[in-house]
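> One structure is given below, represented as structure tokens, and several questions about it will come after.
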Amino acid sequence: MPHIEFRASASELDKLPHPYPASRHVPEWFKNMPVDFGGDGPSGGTLKRCPPFLAAMTAGYIIPAPADVRLVMSDAGELEAYGQQLFLSTHFPQQYASSPFTKNRVVKFHNPWVIVTPPEYVCMVMAPVNRFEIPFLPLAGIIETGSYYKEVQLPMACLMKPGETFTLRCGAPMIQVIPMLREAWEQLSGPLDLARRTELQEKFDRNRHTYKEEIWKKLEFS
């Protein structure tokens with residue numbers, strides 16, 4: 001079984017909240033959501049009956065915020081951070097000029113962890129999938145974690161508006177790390193196998209939970 005390691009400075013190791021499997025931190029709003037909806041109007045299943053949604057949310061590992069920090073977006077659009085341990089800095093606007101997020105402040109998360117995988121693996125480092133706890137949109141990247149023995153400093157577009165404040169709590173999900181096996185892929189296009197498609201549709205017609213009960217295979221990250 002391949003393994004992933006998160007390494008930090010020995011002097012900080014016992015002070016930092018450690019990365020953890022994403023499956024261990026499912027948001028409360030998802031836990032509290034009913035499985036089905038109904039009543040006098042339409043009825044059906046909620047997101048809780050969507051295995052792909054949950055599989056994406058719980059894939060890989062979460063690197064959490066290392067400390068509490070209070071964020072203030074001034075009326076002039078300048079982002080300021082207050083806390084005992086500051087782990088955010090700002091990028092120069094010229095570094096992302098002409099991008100779709102050019103009007104946002106882009107900050108850099110000074111991630112204290114080095115991510116280590118076997119050489120044949122890389123890691124997608126991205127925003128926590130299907131989570132909305134923090135007002136940042138991390139800009140995704142694929143990192144050569146088998147050879148890049150260095151902290152990944154992740155840029156994030158701040159979604160706060162002028163005049164807004166936000167307190168980022170220690171341990172809050174900051175980025176999601178999903179290891180991927182390096183493989184060569186080739187793309188093909190062709191006609192639909194109608195018989196195969198019809199056979200599966202008939203299963204769904206008999207049982208709307210066919211995907212979860214017969215198709216879905218849970219990914220494991222520990």
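Going by the structure tokens order, chains are called A, B, ..., each with residues numbered from 1, while ligands are numbered from 1 in the order shown.
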Could you pull the residues within 10 Å of Ala56 in chain A, counting only C-alpha atoms, minus those fewer than 6 positions along the same chain, as a list in words?
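Everything that qualifies: Ala22, Ser23, Pro128, Val129, Asn130, Ile178 and Leu219 of chain A.
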> From the DSSP assignment of the backbone, select every residue of range 26-141 of chain A that is strand (DSSP E or B), and format the answer as a PyMOL selection string.
chain A and resi 36-37+44-45+61-64+69-73+79-82+88-90+106-109+114-116+121-126+136-138+141
> Pick out the residues sitting within 9 Å of range 66-83 of chain A, and hand them over as a list in words; count only C-alpha atoms, and ignore anything fewer than 4 positions along from it in its own chain.
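Residues near the query, excluding close chain neighbours: Lys15, Leu16, Pro17, His18, Phe87, Leu88, Ser89, Thr90, Asn104, Arg105, Val107, Asn111, Pro112, Cys158, Met160, Lys161, Pro162, Gly163, Glu164, Thr165, Phe166, Thr167, Leu168, Arg169, Cys170, Gly171 and Ala172 of chain A.
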> Quick one: DSSP helix (DSSP H, G or I) residues in range 51-190 of chain A, as an NGL selection string?
:A and (51-57 or 93-96)
> Using only C-alpha atoms, please write the residues we just selected to a file, as a compact mmCIF listing (two decimals), in the first residue's frame.

# COMPACT_ATOMS: atom_id res chain seq x y z
CA PRO A 51 -21.94 9.18 -3.64
CA PRO A 52 -19.83 11.19 -6.16
CA PHE A 53 -20.40 14.37 -4.10
CA LEU A 54 -19.32 12.68 -0.87
CA ALA A 55 -16.45 10.81 -2.55
CA ALA A 56 -14.97 14.09 -3.79
CA MET A 57 -15.47 15.79 -0.42
CA PRO A 93 -1.41 42.36 -8.39
CA GLN A 94 0.96 42.34 -11.38
CA GLN A 95 1.50 38.61 -10.81
CA TYR A 96 -2.06 37.80 -11.81
> Ranking A:Gly38, A:Pro19, A:Pro64, A:Pro118 by minimum distance to Pro173 in chain A and counting only C-alpha atoms, which one comes first?
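Residue with the minimum atom-to-atom distance to Pro173 in chain A: A:Pro64.
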> Which residue is closest to Phe30 in chain A? Choose from A:Ala140, A:Cys50, A:Met1, A:Ala8 and count only C-alpha atoms.
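Result for the nearest residue to Phe30 in chain A: A:Cys50.
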> Would you pick out the contacts of Glu213 in chain A at 12 Å or less, using only C-alpha atoms, so that residues sharing its chain but fewer than 3 positions from it are not included, and give the list as number ranges by chain?
A: 49-51, 203-204, 207-210, 216-218
> Expressed in Å to a single decimal, how great is the separation between CA of Leu181 in chain A and CA of Met156 in chain A?
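Rounded to one decimal, the two atoms are 25.5 Å apart.
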